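Here's coords-v3.cif, which has mmCIF, C-alpha atoms:
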```cif
data_start
#
loop_
_atom_site.label_atom_id
_atom_site.label_comp_id
_atom_site.auth_asym_id
_atom_site.auth_seq_id
_atom_site.Cartn_x
_atom_site.Cartn_y
_atom_site.Cartn_z
CA MET A 1188 -0.52 -17.25 16.01
CA SER A 1189 -3.88 -17.42 14.34
CA LYS A 1190 -4.11 -16.55 10.70
CA PRO A 1191 -6.97 -16.44 8.19
CA ILE A 1192 -7.27 -19.71 6.24
CA ALA A 1193 -7.59 -19.68 2.46
CA VAL A 1194 -10.72 -21.60 1.52
CA ASP A 1195 -11.96 -22.62 -1.92
CA ASP A 1196 -15.12 -23.89 -3.58
CA LYS A 1197 -14.35 -27.41 -2.25
CA THR A 1198 -13.41 -26.62 1.35
CA PHE A 1199 -15.89 -23.81 1.97
CA ASP A 1200 -18.71 -25.99 3.38
CA ASP A 1201 -16.54 -27.80 5.91
CA THR A 1202 -14.42 -24.84 6.96
CA VAL A 1203 -17.06 -22.11 7.05
CA LEU A 1204 -20.60 -23.49 7.10
CA LYS A 1205 -19.93 -26.38 9.51
CA ALA A 1206 -17.71 -24.40 11.90
CA GLU A 1207 -18.74 -24.37 15.54
CA VAL A 1208 -17.73 -20.74 15.98
CA PRO A 1209 -18.55 -17.64 13.90
CA VAL A 1210 -16.41 -17.33 10.76
CA LEU A 1211 -15.52 -14.04 9.11
CA VAL A 1212 -14.95 -14.60 5.39
CA ASP A 1213 -12.96 -12.03 3.40
CA PHE A 1214 -13.82 -12.14 -0.33
CA TRP A 1215 -10.89 -10.61 -2.19
CA ALA A 1216 -8.82 -10.69 -5.37
CA PRO A 1217 -5.21 -9.83 -6.11
CA TRP A 1218 -6.09 -6.90 -8.41
CA CYS A 1219 -8.23 -5.12 -5.82
CA GLY A 1220 -6.59 -2.14 -4.07
CA PRO A 1221 -9.01 -1.76 -1.15
CA CYS A 1222 -8.68 -5.52 -0.50
CA ARG A 1223 -5.04 -4.86 0.38
CA MET A 1224 -6.23 -2.26 2.89
CA VAL A 1225 -8.63 -4.69 4.54
CA ALA A 1226 -6.24 -7.66 4.67
CA PRO A 1227 -4.00 -6.42 7.54
CA ILE A 1228 -7.08 -5.63 9.62
CA VAL A 1229 -8.45 -9.13 9.07
CA ASP A 1230 -5.04 -10.52 10.08
CA GLU A 1231 -5.12 -8.51 13.33
CA LEU A 1232 -8.66 -9.61 14.10
CA ALA A 1233 -7.66 -13.26 13.53
CA GLU A 1234 -5.07 -12.81 16.27
CA GLU A 1235 -7.40 -11.01 18.65
CA TYR A 1236 -10.32 -13.42 18.24
CA SER A 1237 -8.14 -16.53 18.21
CA GLY A 1238 -10.11 -19.49 19.61
CA ARG A 1239 -13.41 -17.59 19.62
CA ALA A 1240 -13.95 -16.99 15.92
CA ASN A 1241 -12.37 -18.28 12.71
CA PHE A 1242 -11.20 -16.27 9.74
CA ALA A 1243 -11.22 -17.32 6.10
CA LYS A 1244 -10.30 -15.80 2.77
CA VAL A 1245 -11.89 -16.53 -0.59
CA ASN A 1246 -10.03 -15.51 -3.74
CA THR A 1247 -12.95 -14.59 -6.00
CA ASP A 1248 -10.87 -15.11 -9.17
CA GLU A 1249 -10.21 -18.74 -8.33
CA ASN A 1250 -13.54 -19.58 -6.71
CA PRO A 1251 -16.44 -18.50 -8.93
CA GLY A 1252 -18.74 -21.03 -7.25
CA ILE A 1253 -18.94 -19.48 -3.77
CA THR A 1254 -18.54 -16.02 -5.25
CA SER A 1255 -21.70 -16.32 -7.32
CA GLN A 1256 -23.54 -18.33 -4.65
CA TYR A 1257 -23.26 -15.37 -2.26
CA LYS A 1258 -23.82 -12.88 -5.12
CA ILE A 1259 -20.54 -11.09 -4.54
CA LEU A 1260 -20.40 -8.16 -6.99
CA SER A 1261 -18.02 -5.89 -5.03
CA ILE A 1262 -14.84 -6.64 -3.19
CA PRO A 1263 -13.71 -6.55 -0.54
CA THR A 1264 -16.89 -8.04 0.90
CA LEU A 1265 -16.74 -9.44 4.43
CA ILE A 1266 -19.43 -11.84 5.59
CA VAL A 1267 -19.71 -13.20 9.12
CA PHE A 1268 -21.22 -16.71 9.05
CA ASN A 1269 -22.82 -18.02 12.19
CA GLY A 1270 -24.20 -21.58 12.33
CA GLY A 1271 -23.87 -21.94 8.55
CA GLN A 1272 -25.80 -18.76 7.73
CA PRO A 1273 -24.58 -15.28 6.78
CA ALA A 1274 -25.24 -13.17 9.90
CA SER A 1275 -23.92 -9.85 8.62
CA GLN A 1276 -22.13 -8.46 5.63
CA VAL A 1277 -20.07 -5.35 4.93
CA VAL A 1278 -18.78 -4.06 1.61
CA GLY A 1279 -15.62 -2.03 1.09
CA TYR A 1280 -13.07 -0.81 3.59
CA ARG A 1281 -14.43 -0.57 7.13
CA PRO A 1282 -12.62 0.51 10.29
CA LYS A 1283 -11.56 -2.25 12.64
CA SER A 1284 -13.98 -1.07 15.33
CA GLU A 1285 -16.94 -1.71 13.03
CA LEU A 1286 -15.74 -5.21 12.18
CA LYS A 1287 -15.31 -5.94 15.88
CA LYS A 1288 -18.92 -4.91 16.45
CA ILE A 1289 -20.31 -7.42 13.96
CA LEU A 1290 -18.03 -10.16 15.29
CA ASP A 1291 -19.06 -9.42 18.88
CA ALA A 1292 -22.72 -9.47 17.85
CA ALA A 1293 -22.24 -12.92 16.28
CA LEU A 1294 -20.43 -14.18 19.39
CA ALA A 1295 -23.20 -12.88 21.68
CA LYS A 1296 -25.86 -14.64 19.60
CA GLN A 1297 -23.86 -17.84 19.65
CA ARG A 1298 -23.79 -17.87 23.46
CA HIS A 1299 -27.57 -17.42 23.61
CA ALA A 1300 -28.16 -20.27 21.18
CA MET B 292 -0.55 11.26 27.83
CA ALA B 293 -0.60 11.94 24.14
CA LYS B 294 2.37 10.75 22.10
CA GLU B 295 4.28 13.79 20.84
CA TYR B 296 5.55 14.65 17.37
CA ASP B 297 6.70 17.77 15.53
CA ILE B 298 4.24 17.31 12.70
CA ILE B 299 1.22 15.08 12.40
CA ILE B 300 -0.22 14.47 8.95
CA VAL B 301 -3.76 13.18 8.76
CA GLY B 302 -4.21 11.12 5.60
CA GLY B 303 -1.78 9.09 3.52
CA GLY B 304 -2.65 9.92 -0.08
CA PRO B 305 -0.37 11.88 -2.45
CA ALA B 306 -0.78 15.11 -0.40
CA GLY B 307 -0.03 13.51 2.96
CA LEU B 308 2.82 11.33 1.71
CA THR B 309 4.51 14.25 -0.06
CA ALA B 310 4.16 16.41 3.06
CA ALA B 311 5.72 13.56 5.04
CA ILE B 312 8.71 13.29 2.65
CA TYR B 313 9.36 17.03 3.04
CA SER B 314 8.95 17.23 6.80
CA ALA B 315 10.94 14.05 7.48
CA ARG B 316 13.78 15.39 5.32
CA ALA B 317 13.64 18.58 7.41
CA ARG B 318 14.42 16.24 10.34
CA LEU B 319 11.06 16.86 11.93
CA LYS B 320 9.54 13.99 13.87
CA THR B 321 6.68 13.09 11.56
CA LEU B 322 3.62 10.90 12.04
CA ILE B 323 1.07 9.95 9.37
CA ILE B 324 -2.33 8.89 10.64
CA GLU B 325 -4.15 6.91 7.96
CA LYS B 326 -7.50 5.17 8.35
CA ALA B 327 -6.51 2.29 6.07
CA VAL B 328 -3.11 1.84 4.47
CA PRO B 329 -1.31 4.68 2.67
CA GLY B 330 -2.36 5.38 -0.87
CA GLY B 331 -5.56 7.36 -0.99
CA GLN B 332 -7.87 7.51 -3.99
CA ILE B 333 -4.98 7.02 -6.42
CA ALA B 334 -4.43 3.53 -4.97
CA THR B 335 -7.66 2.29 -6.55
CA THR B 336 -7.21 4.13 -9.84
CA GLY B 337 -6.22 2.15 -12.93
CA LEU B 338 -3.55 3.49 -15.27
CA VAL B 339 -2.49 7.04 -14.35
CA GLU B 340 -1.34 8.82 -17.50
CA ASN B 341 -1.06 12.40 -16.26
CA TYR B 342 1.47 12.10 -13.44
CA PRO B 343 4.71 13.63 -14.76
CA GLY B 344 7.73 11.36 -14.93
CA PHE B 345 5.86 8.28 -16.15
CA PRO B 346 5.66 8.62 -19.96
CA ASP B 347 4.04 5.18 -20.30
CA GLY B 348 1.66 5.78 -17.43
CA VAL B 349 1.80 4.09 -14.05
CA MET B 350 -0.78 1.98 -12.24
CA GLY B 351 -2.37 3.96 -9.41
CA GLY B 352 -1.61 1.22 -6.91
CA GLU B 353 2.06 1.22 -7.89
CA LEU B 354 2.36 5.01 -7.76
CA SER B 355 0.91 5.17 -4.26
CA GLN B 356 3.18 2.35 -3.11
CA LEU B 357 6.23 4.19 -4.47
CA MET B 358 5.19 7.35 -2.60
CA ALA B 359 4.65 5.39 0.62
CA ASP B 360 8.08 3.71 0.24
CA GLN B 361 9.71 7.10 -0.27
CA ALA B 362 8.08 8.53 2.88
CA LYS B 363 9.14 5.45 4.84
CA LYS B 364 12.73 5.73 3.60
CA PHE B 365 13.06 9.07 5.41
CA ASP B 366 11.82 7.62 8.72
CA THR B 367 8.23 8.72 8.69
CA GLU B 368 6.10 6.87 11.22
CA THR B 369 2.64 5.67 10.11
CA ILE B 370 -0.24 4.42 12.20
CA SER B 371 -3.58 3.01 11.11
CA ALA B 372 -6.33 4.74 13.05
CA GLU B 373 -9.61 6.60 12.63
CA VAL B 374 -9.36 10.27 13.57
CA LEU B 375 -12.18 11.16 15.95
CA SER B 376 -11.48 14.81 16.75
CA LEU B 377 -8.92 17.60 16.68
CA GLU B 378 -8.35 19.72 19.78
CA VAL B 379 -6.47 23.03 19.95
CA ARG B 380 -4.66 23.65 23.26
CA ASP B 381 -2.40 26.74 23.23
CA ASN B 382 0.51 25.60 21.06
CA GLU B 383 -0.47 21.93 21.09
CA ARG B 384 -2.74 20.36 18.49
CA VAL B 385 -4.10 17.10 19.89
CA ILE B 386 -5.60 14.45 17.66
CA HIS B 387 -7.90 11.95 19.31
CA THR B 388 -8.02 8.68 17.37
CA SER B 389 -9.49 5.20 17.70
CA GLU B 390 -6.00 4.08 18.81
CA GLY B 391 -5.23 6.84 21.33
CA ASP B 392 -4.14 10.48 21.44
CA TYR B 393 -1.31 12.11 19.48
CA SER B 394 -0.08 15.67 19.75
CA ALA B 395 2.10 18.03 17.73
CA LYS B 396 2.67 21.73 17.28
CA ALA B 397 1.78 21.48 13.60
CA VAL B 398 -0.89 19.41 11.87
CA ILE B 399 -1.42 18.95 8.14
CA LEU B 400 -4.92 17.82 7.24
CA ALA B 401 -4.68 15.74 4.08
CA GLY B 402 -7.56 13.33 4.57
CA GLY B 403 -8.85 13.70 1.02
CA ALA B 404 -12.36 12.91 -0.10
CA ASP B 405 -14.62 9.92 -0.55
CA PRO B 406 -17.07 9.25 -3.39
CA THR B 407 -20.34 11.15 -3.20
CA LYS B 408 -23.40 8.96 -3.12
CA LEU B 409 -26.39 9.58 -5.36
CA GLY B 410 -28.77 9.52 -2.40
CA ILE B 411 -31.51 7.72 -4.31
CA PRO B 412 -33.70 4.72 -3.40
CA GLY B 413 -31.92 1.39 -3.85
CA GLU B 414 -28.39 2.81 -3.69
CA ASN B 415 -27.52 1.64 -0.18
CA GLU B 416 -29.59 -1.54 -0.48
CA PHE B 417 -27.68 -2.67 -3.59
CA THR B 418 -24.19 -1.49 -2.63
CA GLY B 419 -22.04 -4.57 -3.22
CA LYS B 420 -24.95 -6.12 -5.11
CA GLY B 421 -24.42 -4.29 -8.37
CA VAL B 422 -23.90 -0.72 -7.12
CA SER B 423 -20.17 0.07 -7.02
CA TYR B 424 -17.88 3.05 -6.54
CA CYS B 425 -14.72 1.26 -7.73
CA ALA B 426 -14.46 -0.03 -11.30
CA THR B 427 -10.93 -1.39 -10.82
CA CYS B 428 -12.18 -3.44 -7.85
CA ASP B 429 -15.43 -4.75 -9.26
CA GLY B 430 -15.19 -4.65 -13.06
CA PRO B 431 -14.37 -8.36 -13.44
CA PHE B 432 -17.71 -9.31 -11.80
CA PHE B 433 -19.59 -7.81 -14.77
CA ILE B 434 -18.29 -9.91 -17.66
CA ASN B 435 -20.67 -9.70 -20.65
CA LYS B 436 -23.17 -7.60 -18.69
CA VAL B 437 -24.59 -4.20 -19.53
CA VAL B 438 -23.44 -1.67 -16.94
CA ALA B 439 -24.22 1.98 -16.38
CA VAL B 440 -21.78 4.64 -15.25
CA ILE B 441 -23.25 7.73 -13.62
CA GLY B 442 -21.32 10.99 -14.11
CA GLY B 443 -19.51 12.95 -16.81
CA GLY B 444 -16.08 13.81 -15.40
CA ASP B 445 -12.68 12.19 -15.88
CA SER B 446 -13.35 9.46 -13.34
CA ALA B 447 -16.72 8.50 -14.82
CA VAL B 448 -15.46 8.29 -18.40
CA ASP B 449 -12.06 6.78 -17.63
CA GLU B 450 -13.49 4.09 -15.38
CA GLY B 451 -16.27 3.50 -17.94
CA MET B 452 -13.58 2.81 -20.54
CA PHE B 453 -11.91 0.40 -18.11
CA LEU B 454 -15.23 -1.42 -17.70
CA THR B 455 -15.47 -2.07 -21.47
CA ARG B 456 -12.79 -4.75 -20.93
CA PHE B 457 -15.40 -6.80 -19.11
CA ALA B 458 -18.90 -5.51 -19.83
CA SER B 459 -20.73 -6.09 -23.12
CA LYS B 460 -21.84 -2.45 -23.08
CA VAL B 461 -21.12 0.57 -20.88
CA ILE B 462 -23.79 3.26 -20.81
CA VAL B 463 -22.68 6.62 -19.42
CA ILE B 464 -25.60 8.53 -17.92
CA HIS B 465 -24.92 12.24 -17.48
CA ARG B 466 -27.20 15.02 -16.27
CA ARG B 467 -25.81 17.50 -18.79
CA ASP B 468 -25.62 17.40 -22.61
CA GLN B 469 -21.81 17.17 -22.73
CA LEU B 470 -18.99 15.61 -20.76
CA ARG B 471 -16.72 17.46 -18.34
CA ALA B 472 -13.94 14.91 -18.89
CA THR B 473 -10.57 15.88 -20.42
CA LYS B 474 -10.72 16.07 -24.23
CA ILE B 475 -8.35 13.14 -24.87
CA ILE B 476 -10.47 10.93 -22.61
CA GLN B 477 -13.65 12.07 -24.40
CA GLU B 478 -12.14 11.29 -27.82
CA ARG B 479 -11.25 7.76 -26.77
CA ALA B 480 -14.68 7.22 -25.22
CA PHE B 481 -16.60 8.38 -28.30
CA ALA B 482 -14.43 6.12 -30.48
CA ASN B 483 -15.08 3.03 -28.35
CA PRO B 484 -17.92 0.94 -29.86
CA LYS B 485 -18.84 -0.47 -26.44
CA MET B 486 -19.50 2.99 -24.97
CA GLU B 487 -22.95 4.60 -25.18
CA PHE B 488 -24.18 7.86 -23.75
CA ILE B 489 -27.49 9.00 -22.34
CA TRP B 490 -27.55 12.79 -21.99
CA ASP B 491 -29.56 15.21 -19.82
CA THR B 492 -30.63 12.35 -17.63
CA VAL B 493 -30.61 11.56 -13.93
CA VAL B 494 -31.17 8.25 -12.16
CA GLU B 495 -34.13 8.36 -9.80
CA ALA B 496 -34.02 4.83 -8.42
CA ILE B 497 -32.01 1.62 -8.55
CA GLU B 498 -34.13 -1.53 -8.54
CA GLY B 499 -33.63 -5.26 -8.57
CA ASN B 500 -34.14 -8.53 -6.82
CA GLU B 501 -31.10 -9.51 -4.70
CA VAL B 502 -28.91 -7.81 -7.31
CA VAL B 503 -29.34 -4.71 -9.49
CA GLN B 504 -31.59 -5.27 -12.52
CA ARG B 505 -32.72 -1.86 -13.71
CA LEU B 506 -32.55 1.91 -13.30
CA GLN B 507 -35.38 4.40 -13.33
CA LEU B 508 -34.28 7.36 -15.44
CA LYS B 509 -35.63 10.85 -15.93
CA ASN B 510 -34.68 13.22 -18.73
CA VAL B 511 -34.22 16.60 -17.04
CA LYS B 512 -35.14 18.54 -20.21
CA THR B 513 -38.24 16.67 -21.35
CA GLN B 514 -39.19 15.26 -17.91
CA GLU B 515 -39.70 11.94 -19.70
CA ARG B 516 -39.22 8.83 -17.53
CA ARG B 517 -38.02 5.41 -18.62
CA THR B 518 -36.55 2.15 -17.37
CA LEU B 519 -33.07 0.90 -18.30
CA GLU B 520 -32.12 -2.75 -17.75
CA VAL B 521 -28.56 -3.06 -16.38
CA GLY B 522 -26.52 -5.63 -14.50
CA GLY B 523 -24.57 -3.05 -12.56
CA VAL B 524 -24.13 0.64 -11.92
CA PHE B 525 -20.93 2.51 -11.17
CA VAL B 526 -21.26 5.88 -9.44
CA TYR B 527 -18.78 8.69 -10.19
CA VAL B 528 -20.62 11.89 -9.34
CA GLY B 529 -17.94 13.68 -7.39
CA LEU B 530 -16.24 13.57 -4.05
CA ARG B 531 -17.10 14.60 -0.52
CA PRO B 532 -14.24 15.90 1.66
CA ASN B 533 -13.58 14.03 4.89
CA THR B 534 -14.10 17.02 7.16
CA ASP B 535 -17.02 15.99 9.39
CA PHE B 536 -14.78 15.95 12.47
CA LEU B 537 -13.60 19.53 11.77
CA LYS B 538 -16.95 21.33 11.48
CA SER B 539 -16.84 22.89 14.94
CA ILE B 540 -13.18 23.92 14.70
CA LEU B 541 -12.33 25.16 11.21
CA ALA B 542 -13.94 27.38 8.60
CA LEU B 543 -15.29 25.18 5.80
CA SER B 544 -16.79 26.01 2.41
CA PRO B 545 -20.51 25.25 1.93
CA ASP B 546 -19.63 21.84 0.48
CA GLY B 547 -17.27 21.02 3.33
CA HIS B 548 -13.80 21.87 2.00
CA ILE B 549 -11.27 23.50 4.34
CA LEU B 550 -10.55 27.17 3.64
CA VAL B 551 -6.82 27.86 3.20
CA ASN B 552 -4.55 30.57 1.84
CA GLU B 553 -1.80 30.07 -0.73
CA GLN B 554 0.52 28.65 1.95
CA MET B 555 -2.12 26.01 2.79
CA GLU B 556 -2.62 27.70 6.17
CA THR B 557 -6.05 27.43 7.77
CA ALA B 558 -7.47 30.08 10.11
CA ILE B 559 -5.82 28.35 13.08
CA PRO B 560 -2.02 28.79 13.39
CA GLY B 561 -0.22 25.48 13.09
CA ILE B 562 -3.03 23.78 11.20
CA PHE B 563 -2.60 23.32 7.46
CA ALA B 564 -4.65 21.55 4.81
CA ALA B 565 -3.53 19.95 1.54
CA GLY B 566 -5.02 18.07 -1.40
CA ASP B 567 -8.66 17.23 -2.14
CA ILE B 568 -9.73 18.22 1.38
CA ARG B 569 -9.03 21.91 0.79
CA VAL B 570 -11.09 24.48 -1.06
CA ASN B 571 -10.46 25.01 -4.80
CA ALA B 572 -8.20 21.98 -5.17
CA ALA B 573 -7.52 20.83 -8.72
CA ARG B 574 -8.23 17.27 -7.48
CA GLN B 575 -5.29 15.67 -9.25
CA ALA B 576 -2.63 13.43 -7.74
CA VAL B 577 0.08 15.83 -8.91
CA SER B 578 -1.59 18.94 -7.48
CA ALA B 579 -2.24 17.12 -4.20
CA ALA B 580 1.48 16.30 -4.06
CA GLY B 581 2.24 19.98 -4.72
CA ASP B 582 -0.10 21.01 -1.92
CA GLY B 583 1.63 18.57 0.41
CA ALA B 584 5.02 20.14 -0.30
CA THR B 585 3.65 23.68 0.17
CA ALA B 586 1.97 22.75 3.46
CA ALA B 587 5.06 20.97 4.79
CA LEU B 588 7.31 23.95 4.01
CA ALA B 589 4.83 26.33 5.64
CA ALA B 590 4.59 24.05 8.68
CA GLU B 591 8.38 23.90 8.94
CA LYS B 592 8.53 27.71 8.89
CA TYR B 593 5.77 27.90 11.50
CA LEU B 594 7.63 25.47 13.79
CA SER B 595 10.84 27.51 13.55
CA GLN B 596 8.86 30.59 14.56
CA VAL B 597 7.14 29.08 17.59
CA GLY B 598 10.32 27.21 18.56
CA HIS B 599 9.69 23.49 18.52
#
```

How does the structure come out when it is put into structure tokens?
Amino acid sequence: MSKPIAVDDKTFDDTVLKAEVPVLVDFWAPWCGPCRMVAPIVDELAEEYSGRANFAKVNTDENPGITSQYKILSIPTLIVFNGGQPASQVVGYRPKSELKKILDAALAKQRHA
Amino acid sequence: MAKEYDIIIVGGGPAGLTAAIYSARARLKTLIIEKAVPGGQIATTGLVENYPGFPDGVMGGELSQLMADQAKKFDTETISAEVLSLEVRDNERVIHTSEGDYSAKAVILAGGADPTKLGIPGENEFTGKGVSYCATCDGPFFINKVVAVIGGGDSAVDEGMFLTRFASKVIVIHRRDQLRATKIIQERAFANPKMEFIWDTVVEAIEGNEVVQRLQLKNVKTQERRTLEVGGVFVYVGLRPNTDFLKSILALSPDGHILVNEQMETAIPGIFAAGDIRVNAARQAVSAAGDGATAALAAEKYLSQVGH
């Protein structure tokens, strides 16, 4: 069982930026309807990519630091970090197939590195 | 082999969920195919004050959850999948999805509509960076900022009012000289000191540096151009029906809505449409629910005729 990890302003650097595998970060908040639509998909992806990629969630209400650092002005926003850098970003609800594409692209790059 | 059902409903908003409640209670094996989770547009709406039965209003998210619970209670099955195409084979209607094929003798298309984009420079570039289509999602990111709302209908004005909880000022930019919004919504908006209005004006471009900083405006009567500094822009200029996958199969109106008769029947027997996806819809949660009931009853009658 692999599940997305909740990260905050303090743990973000270690958990996301210093990770050895790509990390998909889900920026969300409890009052956001579409975030609830994205959450189960992120959970499924965490299972499917277990061991190959990590998954994290940032509650934007509680973590204004990272939220403003990455200029998040819409949620849900999903960013795939690879080697400490944002590699791709999607805003709003996206089908699972599209999220798999950006994860696979990050994994392919990682192998070439 | 496609998995078989009596009725497949594409879309889990008020139209689809109501259709599901009716068909499941008719003891028809019912599947809802929804691209996300059930709810539809109403799920991201703030307080809904015009759905009968809720005198104090009801939050859109709660209303959609109640509808989904009610459909589930009567043993409706729901899957999360993207619909790719619809195929008509004699009496079978086969739906090809990202998660496999599903077939039924009757299909109710209730996939609703998504926000129309402005189609102007900067819109895609700044989506998520100050351009938003969901005030209830993104309002709290614009505390003490000046934001613009584009449009003049119920959604534009209502969501603009919602944004005044966060923004220092909400400027509604409308291409006409009066609002289309319901009178009671207009009255509240005009009385709100944080709301301002720019009439007869269209937005030609959204500009900024990393995030939105200003809009380029044009007055459609005087042709005068000017720049407006804003921290964000919310777009409510109408809805586009989700019918791209149906173009080659069904008759659509010029703007993409499915043509139906009063029974919600399309030109193809066994295929029905309900809610915002159909032509001449009132585009209200309550009328979508009504459409769903009409379509489900018509589908039930159709199934009894063809012998399911």

State, in Å with one decimal place, the distance from atom CA of A:Trp1218 to atom CA of A:Glu1231.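 Here the two named atoms are 21.8 Å from each other.
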
Straight-line distance linking atom CA of B:Asp582 with atom CA of B:Gly303, stated in Å to one decimal: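 Between atom CA of B:Asp582 and atom CA of B:Gly303 the gap is 13.2 Å.
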
Using the chain letters and numbers from this file, what does the PyMOL selection byres ((chain B) within 6 of (chain A)) select? Give the answer as a list in words. Ala327, Val328, Thr335, Gly419, Lys420, Gly421, Cys428, Asp429 and Phe432 of chain B

Extract, using all atoms listed in the file, all DNA, RNA and protein residues at most 8 Å from A:Asp1213, discarding same-chain residues fewer than 5 positions from it, and format them as a list of chain:residue names.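 So the residues in contact are A:Val1229, A:Phe1242, A:Ala1243, A:Lys1244, A:Val1245, A:Pro1263, A:Thr1264, A:Leu1265, A:Ile1266.
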
Could you name the residues that touch stretch 401-405 of chain B at 6 Å or less, counting only C-alpha atoms, but leaving out those on the same chain fewer than 3 positions away, as a short mmCIF file (atom, residue, chain, number, x, y, z; two decimals) with C-alpha atoms, keeping the file's coordinate frame?
```
data_model
loop_
_atom_site.label_atom_id
_atom_site.label_comp_id
_atom_site.auth_asym_id
_atom_site.auth_seq_id
_atom_site.Cartn_x
_atom_site.Cartn_y
_atom_site.Cartn_z
CA VAL B 301 -3.76 13.18 8.76
CA GLY B 302 -4.21 11.12 5.60
CA ALA B 306 -0.78 15.11 -0.40
CA GLY B 307 -0.03 13.51 2.96
CA LEU B 530 -16.24 13.57 -4.05
CA ARG B 531 -17.10 14.60 -0.52
CA PRO B 532 -14.24 15.90 1.66
CA ASN B 533 -13.58 14.03 4.89
CA ALA B 564 -4.65 21.55 4.81
CA ALA B 565 -3.53 19.95 1.54
CA GLY B 566 -5.02 18.07 -1.40
CA ASP B 567 -8.66 17.23 -2.14
CA ILE B 568 -9.73 18.22 1.38
#
```

Can you spell out as number ranges by chain the set of residues that the PyMOL selection byres ((chain B and resi 336-346) around 10) selects in the structure I just provided? A: 1220; B: 331-335, 347-355, 425-428, 446, 449-450, 453, 575-578

Under the PyMOL selection byres ((chain A and resi 1268) around 8), which residues of this model are included? Write them out as JSON, numbers by chain. {"A": [1203, 1204, 1209, 1210, 1211, 1212, 1266, 1267, 1269, 1270, 1271, 1272, 1273, 1274, 1275]}

Atom CA of B:Gln361 and atom CA of B:Leu308 are how many Å apart?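 Taking atom CA of B:Gln361 and atom CA of B:Leu308, their separation equals 8.3 Å.
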
Residue contacts of B:Ile411 (7 Å, only C-alpha atoms) excluding same-chain residues fewer than 2 positions away, as a VMD selection string: chain B and resid 409 413 to 414 495 to 496

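Proximity ranking of A:Gln1256, A:Lys1190, A:Asn1250, A:Thr1198 relative to A:Ser1237 places A:Lys1190 first, based on all atoms listed in the file.
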
B:Ser376 environment, 7 Å, all atoms listed in the file, sequence neighbours closer than 5 positions dropped, as a PyMOL selection string: chain B and resi 386-387+536

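The closest residue to A:Asn1241, picked from A:Asp1200, A:Glu1285, A:Glu1207, A:Asp1291 and counting all atoms listed in the file, is A:Glu1207.
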
Axis-aligned box for all listed atoms of stretch 350-359 of chain B, 8 Å per side, centre and edges in Å to one decimal, as lines of an AutoDock Vina configuration file:
```
center_x = 1.9
center_y = 4.3
center_z = -5.8
size_x = 24.6
size_y = 22.1
size_z = 28.9
```
